[in-house]
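Engineer: Compact mmCIF, C-alpha atoms and all ligand atoms, saved as structure32.txt, coming up:
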# COMPACT_ATOMS: atom_id res chain seq x y z
CA MET A 219 58.51 116.22 38.55
CA SER A 220 55.46 114.69 36.85
CA SER A 221 55.56 111.21 35.32
CA ALA A 222 55.51 112.69 31.79
CA ALA A 223 58.33 115.11 32.64
CA ALA A 224 60.41 112.21 34.03
CA TYR A 225 59.81 110.30 30.82
CA PHE A 226 61.00 113.20 28.65
CA CYS A 227 64.01 113.70 30.89
CA ILE A 228 65.02 110.04 30.38
CA ALA A 229 64.44 110.29 26.63
CA ALA A 230 66.70 113.36 26.48
CA VAL A 231 69.46 111.59 28.43
CA ILE A 232 69.27 108.51 26.16
CA THR A 233 69.54 110.78 23.09
CA ALA A 234 72.57 112.52 24.61
CA ILE A 235 74.29 109.18 25.34
CA PHE A 236 73.81 107.90 21.81
CA ALA A 237 75.03 111.20 20.42
CA THR A 238 78.32 110.76 22.31
CA VAL A 239 78.77 106.97 22.13
CA ILE A 240 77.77 106.09 18.58
CA PRO A 241 80.33 108.24 16.71
CA ALA A 242 83.05 106.81 19.00
CA GLN A 243 81.93 103.24 18.26
CA ALA A 244 81.82 103.87 14.55
CA ALA A 245 85.38 105.17 14.49
CA ASP A 246 88.27 102.75 14.04
CA PRO A 247 89.75 102.31 17.56
CA ARG A 248 93.05 100.85 16.29
CA GLY A 249 96.05 102.96 16.97
CA ARG A 250 94.32 105.15 19.51
CA ALA A 251 96.13 106.04 22.68
CA SER A 252 94.73 104.41 25.79
CA THR A 253 94.07 107.89 27.19
CA GLU A 254 91.62 108.50 24.34
CA ILE A 255 89.89 105.20 25.12
CA ALA A 256 89.74 106.22 28.76
CA GLU A 257 88.19 109.58 27.77
CA ARG A 258 85.58 107.80 25.69
CA MET A 259 84.74 105.47 28.55
CA LYS A 260 84.41 108.41 30.92
CA THR A 261 81.97 110.05 28.51
CA SER A 262 79.76 106.97 28.35
CA ARG A 263 79.98 106.55 32.11
CA GLU A 264 78.80 110.11 32.71
CA GLY A 265 75.91 109.38 30.37
CA TYR A 266 75.00 106.25 32.31
CA GLU A 267 75.12 108.15 35.58
CA ARG A 268 72.76 110.81 34.20
CA LEU A 269 70.44 108.06 32.97
CA LEU A 270 70.62 106.31 36.34
CA ALA A 271 69.69 109.54 38.15
CA ALA A 272 66.72 110.05 35.78
CA TYR A 273 65.47 106.50 36.37
CA GLU A 274 65.83 106.90 40.13
CA GLU A 275 63.73 110.07 39.93
CA GLN A 276 61.13 108.18 37.88
CA LEU A 277 61.14 105.33 40.42
CA LYS A 278 60.27 107.73 43.25
CA ILE A 279 57.28 109.05 41.29
CA GLN A 280 56.14 105.53 40.40
CA ILE A 281 56.37 104.32 44.01
CA ALA A 282 54.28 107.30 45.14
CA GLU A 283 51.75 106.56 42.40
CA TYR A 284 51.59 102.91 43.48
CA ALA A 285 50.89 103.97 47.09
CA ARG A 286 48.18 106.39 45.93
CA ARG A 287 46.44 103.75 43.81
CA LYS A 288 46.70 101.10 46.52
CA LYS A 289 44.95 103.44 48.98
CA LEU A 290 42.18 104.17 46.44
CA TYR A 291 41.81 100.43 45.77
CA GLN A 292 41.59 99.67 49.51
CA ASP A 293 38.92 102.38 49.81
CA GLY A 294 37.00 100.68 47.01
CA GLU A 295 37.47 103.63 44.63
CA LEU A 296 39.78 102.02 42.04
CA ALA A 297 39.92 98.66 40.22
CA GLU A 298 42.77 96.32 41.17
CA VAL A 299 44.10 96.29 37.60
CA TYR A 300 45.37 99.89 38.06
CA VAL A 301 47.35 98.84 41.13
CA ARG A 302 48.90 95.98 39.16
CA MET A 303 49.84 98.40 36.35
CA ALA A 304 51.60 100.62 38.89
CA VAL A 305 53.51 97.60 40.25
CA ARG A 306 54.58 96.68 36.72
CA ASP A 307 55.94 100.22 36.14
CA VAL A 308 57.98 100.07 39.37
CA VAL A 309 59.40 96.63 38.48
CA ARG A 310 60.35 97.78 34.97
CA THR A 311 62.17 100.85 36.26
CA ARG A 312 63.99 98.80 38.92
CA THR A 313 65.12 96.36 36.19
CA ASN A 314 66.43 99.28 34.12
CA ILE A 315 68.31 100.66 37.14
CA THR A 316 69.95 97.26 37.80
CA GLU A 317 71.00 97.01 34.16
CA ILE A 318 72.59 100.47 34.12
CA GLN A 319 74.40 99.72 37.40
CA ARG A 320 75.81 96.59 35.71
CA TRP A 321 76.95 98.68 32.69
CA ILE A 322 78.71 101.10 35.04
CA LEU A 323 80.49 98.19 36.80
CA GLU A 324 81.52 96.66 33.45
CA ASP A 325 82.86 100.01 32.28
CA ASP A 326 84.86 100.45 35.49
CA LEU A 327 86.49 97.03 35.06
CA ALA A 328 87.20 97.54 31.35
CA LEU A 329 88.52 101.06 31.94
CA THR A 330 90.88 99.77 34.63
CA GLU A 331 92.27 97.20 32.18
CA ALA A 332 92.60 99.83 29.43
CA VAL A 333 94.73 102.04 31.64
CA ALA A 334 96.97 99.02 32.45
CA ARG A 335 98.02 98.86 28.80
CA THR A 336 100.80 101.28 29.64
CA ALA A 337 102.60 98.67 31.84
CA PRO A 338 105.59 97.07 30.05
CA PRO A 339 105.11 93.34 29.21
CA LEU A 340 106.41 90.73 31.68
CA GLY A 341 108.85 87.99 30.65
CA LYS A 342 107.75 84.34 30.64
CA GLY A 343 106.90 83.24 34.18
CA GLY A 344 107.47 86.81 35.37
CA TYR A 345 105.76 88.11 38.53
CA GLU A 346 105.24 91.69 39.71
CA ASP A 347 103.60 93.08 42.83
CA SER A 348 103.29 96.89 42.67
CA ALA A 349 101.11 99.52 44.35
CA LEU A 350 98.61 99.36 41.48
CA LEU A 351 98.58 95.72 40.48
CA VAL A 352 99.84 92.17 40.91
CA ARG A 353 100.55 90.32 37.69
CA TYR A 354 101.91 86.94 36.75
CA ASN A 355 102.82 85.78 33.26
CA GLY A 356 102.11 82.06 33.79
CA GLN A 357 102.77 79.76 30.87
CA THR A 358 99.81 77.36 31.21
CA ALA A 359 97.66 77.52 28.08
CA TRP A 360 94.54 78.64 29.95
CA SER A 361 91.25 79.34 28.22
CA VAL A 362 87.92 80.59 29.53
CA SER A 363 86.52 77.03 29.08
CA ASP A 364 88.89 75.96 31.90
CA ALA A 365 87.15 78.32 34.35
CA GLY A 366 85.39 75.42 36.10
CA LYS A 367 88.55 74.30 37.91
CA ILE A 368 89.08 77.72 39.47
CA GLU A 369 85.39 77.94 40.38
CA SER A 370 85.52 74.48 42.03
CA PHE A 371 88.63 75.46 44.00
CA PHE A 372 86.95 78.63 45.26
CA LEU A 373 83.66 76.92 46.16
CA ALA A 374 85.47 74.16 48.10
CA ARG A 375 87.64 76.69 49.92
CA PHE A 376 85.14 79.44 50.73
CA GLY A 377 81.73 77.76 50.44
CA ARG A 378 80.37 80.30 47.96
CA ALA A 379 80.47 80.77 44.21
CA LEU A 380 83.41 82.59 42.64
CA PRO A 381 82.11 86.16 41.98
CA VAL A 382 82.66 86.25 38.20
CA SER A 383 81.94 89.75 36.87
CA ALA A 384 82.86 89.12 33.21
CA ARG A 385 83.15 85.75 31.50
CA GLY A 386 84.71 86.37 28.10
CA GLN A 387 83.72 89.40 26.03
CA THR A 388 81.34 92.04 27.43
CA ALA A 389 79.68 95.06 25.83
CA ALA A 390 82.21 97.30 27.60
CA HIS A 391 85.12 95.45 25.94
CA ASP A 392 83.35 95.73 22.58
CA ARG A 393 83.00 99.48 23.05
CA MET A 394 86.73 99.84 23.65
CA GLY A 395 87.80 97.38 20.95
CA PHE A 396 89.40 95.04 23.52
CA ASP A 397 89.66 91.30 22.92
CA HIS A 398 88.48 89.75 26.20
CA HIS A 399 87.10 86.53 24.67
CA ASN A 400 89.59 84.30 26.44
CA ALA A 401 89.66 85.98 29.82
CA MET A 402 87.52 86.11 32.95
CA ASP A 403 87.19 88.87 35.54
CA VAL A 404 86.56 88.08 39.17
CA ALA A 405 85.20 90.76 41.51
CA LEU A 406 87.64 90.24 44.38
CA TYR A 407 90.02 92.69 46.02
CA PRO A 408 93.54 91.33 45.46
CA ASP A 409 94.43 92.10 49.08
CA SER A 410 91.45 90.26 50.58
CA GLU A 411 91.86 86.73 51.96
CA GLU A 412 89.84 85.37 49.04
CA GLY A 413 91.78 87.42 46.49
CA ARG A 414 95.12 86.21 47.86
CA ALA A 415 93.94 82.57 47.84
CA VAL A 416 92.82 82.84 44.19
CA MET A 417 96.12 84.44 43.14
CA GLN A 418 98.09 81.74 44.96
CA TYR A 419 96.04 79.03 43.24
CA LEU A 420 96.58 80.64 39.82
CA LYS A 421 100.31 81.00 40.37
CA GLN A 422 100.67 77.38 41.52
CA SER A 423 98.71 76.30 38.42
CA GLY A 424 100.82 78.48 36.09
CA ILE A 425 97.71 80.43 35.00
CA PRO A 426 98.44 84.05 33.97
CA PHE A 427 96.53 86.85 35.74
CA ILE A 428 96.50 90.57 36.48
CA ALA A 429 95.03 91.67 39.79
CA PHE A 430 94.04 95.34 39.91
CA ARG A 431 94.03 97.08 43.26
CA GLY A 432 91.46 99.59 41.97
CA LYS A 433 93.64 102.66 42.40
CA ILE A 434 93.85 103.16 38.63
CA ALA A 435 91.59 105.86 37.15
CA GLY A 436 90.56 106.85 40.66
CA SER A 437 87.95 104.09 40.72
CA ALA A 438 87.59 101.97 43.86
CA THR A 439 85.15 99.68 42.04
CA GLY A 440 87.78 98.88 39.40
CA ALA A 441 89.49 96.39 41.76
CA HIS A 442 89.32 92.86 40.35
CA ILE A 443 91.36 89.87 39.19
CA HIS A 444 91.66 89.37 35.45
CA ILE A 445 92.38 85.70 34.68
CA GLY A 446 94.07 84.83 31.40
CA LYS A 447 96.52 86.70 29.20
CA PRO A 448 96.16 90.51 29.29
CA SER A 449 93.45 91.68 26.87
CA LEU A 450 95.81 94.17 25.26
CA ARG A 451 95.16 93.34 21.65
CA LEU A 452 92.61 95.58 20.02
CA ALA A 453 89.93 93.44 18.41
CA SER A 454 88.53 94.26 14.99
CA PRO A 455 86.16 97.20 15.31
CA ARG A 456 82.49 96.19 15.12
ZN ZN B 1 89.59 91.24 32.35
Would you mind writing the structure in this file as structure tokens?
Ligand SMILES: [Zn+2]
Structural biologist:
Amino acid sequence: MSSAAAYFCIAAVITAIFATVIPAQAADPRGRASTEIAERMKTSREGYERLLAAYEEQLKIQIAEYARRKKLYQDGELAEVYVRMAVRDVVRTRTNITEIQRWILEDDLALTEAVARTAPPLGKGGYEDSALLVRYNGQTAWSVSDAGKIESFFLARFGRALPVSARGQTAAHDRMGFDHHNAMDVALYPDSEEGRAVMQYLKQSGIPFIAFRGKIAGSATGAHIHIGKPSLRLASPR
């Protein structure tokens, strides 16, 4: 595929994504069944995956072009500025790829939480450990501004930063009309040593959480620990 053809391919994919996502965003999400939200998320995810594939194709072409120009420059047949331009193109495409990969991860996490809406609410102080999730309805009034204590605990215990994947509201939560302002997602498998330690800390501190084992929606990347009350309430549509 030529560079121009790759460009038009990406433009077509972007147009297709907006055609599917924008009408869904404009509609009032209140009162919709979670299955409909899940369908909408799947649609946007497929769009992202098509876009990702198009960018990866473009990256291959740009890397080849960089190598070609570098050779010409080394042979004294091309000015260095053209090599730098090729490097800039590669960097830009790699940045775009990283961003789309982040969107896909955010969607996976948000979709996992959307599907969990079907679970009946837990009583005060209630605890449940099922095949799909572990959840605890702690009664400490936790807010996202208290995240530092959990982060300090994790750093002291494991010598690395807590892998926070969503601090408060993300674009994926906006798209689904979920209020995630006062919650934090941590990219840890509940059944890992680190995941178990975090859950134990939260329970001892009375902090509510839902730990997803990632078996919901057939997505292994959906595994994470949601800290704070469940983000079940649908926020005002934007
Ligand atoms: Zn969450």
Engineer: Residues of chain A within 6 Å of ligand ZN 1 (chain B): nearest atom pair and distance (Å, one decimal) for each, counting only C-alpha atoms and all ligand atoms, sorted by chain and number, as JSON lines?
Structural biologist:
{"residue": "A:Ala401", "atom": "CA", "partner": "B:ZN1", "partner_atom": "ZN", "distance": 5.8}
{"residue": "A:Met402", "atom": "CA", "partner": "B:ZN1", "partner_atom": "ZN", "distance": 5.6}
{"residue": "A:Asp403", "atom": "CA", "partner": "B:ZN1", "partner_atom": "ZN", "distance": 4.6}
{"residue": "A:His444", "atom": "CA", "partner": "B:ZN1", "partner_atom": "ZN", "distance": 4.2}
Engineer: One decimal, Å: what's the distance from CA of Phe376 (chain A) over to CA of Pro448 (chain A), could you say?
Structural biologist: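 The value is 26.5 Å.
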Engineer: At most 7 Å is the cut-off: for each residue in region 304-363 of chain A with any atom that close to an atom of region 262-278 of chain A, write down the nearest atom pair and the distance in Å rounded to one decimal, counting only C-alpha atoms, chain first then increasing number, as a Markdown table.
Structural biologist:
| residue | atom | partner | partner_atom | distance |
| --- | --- | --- | --- | --- |
| A:Val308 | CA | A:Leu277 | CA | 6.2 |
| A:Thr311 | CA | A:Leu277 | CA | 6.2 |
| A:Ile315 | CA | A:Leu270 | CA | 6.2 |
| A:Ile318 | CA | A:Tyr266 | CA | 6.5 |
| A:Ile322 | CA | A:Arg263 | CA | 6.3 |
Engineer: What is the CA of Leu350 (chain A) to CA of Ala337 (chain A) distance in Å?
Structural biologist: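 These atoms are spaced 10.5 Å apart.
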Engineer: Using only C-alpha atoms, what residues lie at most 7 Å away from (81.3, 94.1, 38.5) (file coordinates), given as a PDB file with C-alpha atoms, in the frame of the given file?
Structural biologist:
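Okay, this is what ended up in part-v6.pdb:
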ATOM      1  CA  ARG A 320      75.810  96.590  35.710  1.00  0.00           C
ATOM      2  CA  LEU A 323      80.490  98.190  36.800  1.00  0.00           C
ATOM      3  CA  GLU A 324      81.520  96.660  33.450  1.00  0.00           C
ATOM      4  CA  LEU A 327      86.490  97.030  35.060  1.00  0.00           C
ATOM      5  CA  SER A 383      81.940  89.750  36.870  1.00  0.00           C
ATOM      6  CA  ALA A 405      85.200  90.760  41.510  1.00  0.00           C
TER       7      ALA A 405
END
Engineer: Interatomic distance between CA of Tyr407 (chain A) and CA of Arg431 (chain A)?
Structural biologist: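 Taking CA of Tyr407 (chain A) as the start and CA of Arg431 (chain A) as the end point, the length is 6.6 Å.
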Engineer: Taking 4 positions as the minimum chain separation for residues in the same chain, which residues sit within 9 Å of Met417 (chain A) when counting only C-alpha atoms? Answer as a list of chain:residue names.
Structural biologist: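 Contacts, with the query itself left out: A:Val352, A:Tyr354, A:Pro408, A:Glu412, A:Gly413, A:Lys421, A:Gln422, A:Phe427, A:Ala429, A:Ile443.
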Engineer: Any chance you can output those residues with C-alpha atoms as a PDB file, in the frame of the given file?
Structural biologist:
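Written out: again_16.pdb:
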ATOM      1  CA  VAL A 352      99.840  92.170  40.910  1.00  0.00           C
ATOM      2  CA  TYR A 354     101.910  86.940  36.750  1.00  0.00           C
ATOM      3  CA  PRO A 408      93.540  91.330  45.460  1.00  0.00           C
ATOM      4  CA  GLU A 412      89.840  85.370  49.040  1.00  0.00           C
ATOM      5  CA  GLY A 413      91.780  87.420  46.490  1.00  0.00           C
ATOM      6  CA  LYS A 421     100.310  81.000  40.370  1.00  0.00           C
ATOM      7  CA  GLN A 422     100.670  77.380  41.520  1.00  0.00           C
ATOM      8  CA  PHE A 427      96.530  86.850  35.740  1.00  0.00           C
ATOM      9  CA  ALA A 429      95.030  91.670  39.790  1.00  0.00           C
ATOM     10  CA  ILE A 443      91.360  89.870  39.190  1.00  0.00           C
TER      11      ILE A 443
END
Engineer: Near Ala415 (chain A), counting all atoms listed in the file, which residues have an atom at most 9 Å away, once you skip same-chain residues fewer than 4 positions from it, shown as a list of chain:residue names?
Structural biologist: A:Phe372, A:Arg375, A:Ser410, A:Glu411, A:Tyr419, A:Leu420
Engineer: Enclose all atoms of region 345-364 of chain A listed in the file in an axis-aligned box, grow every side by 8 Å, and hand back centre and edge lengths in Å to one decimal, as AutoDock Vina command-line options.
Structural biologist:
--center_x 96.1 --center_y 87.7 --center_z 36.2 --size_x 35.2 --size_y 39.6 --size_z 32.3
Engineer: Ranking A:Ala304, A:Ala349, A:Val299, A:Ala384 by minimum distance to Ala328 (chain A) and counting all atoms listed in the file, which one comes first?
Structural biologist: A:Ala384
Engineer: Taking into account only C-alpha atoms, which residue in the set A:Tyr300, A:Ile279, A:Gly446, A:Ser348 is nearest to Asp397 (chain A)?
Structural biologist: A:Gly446
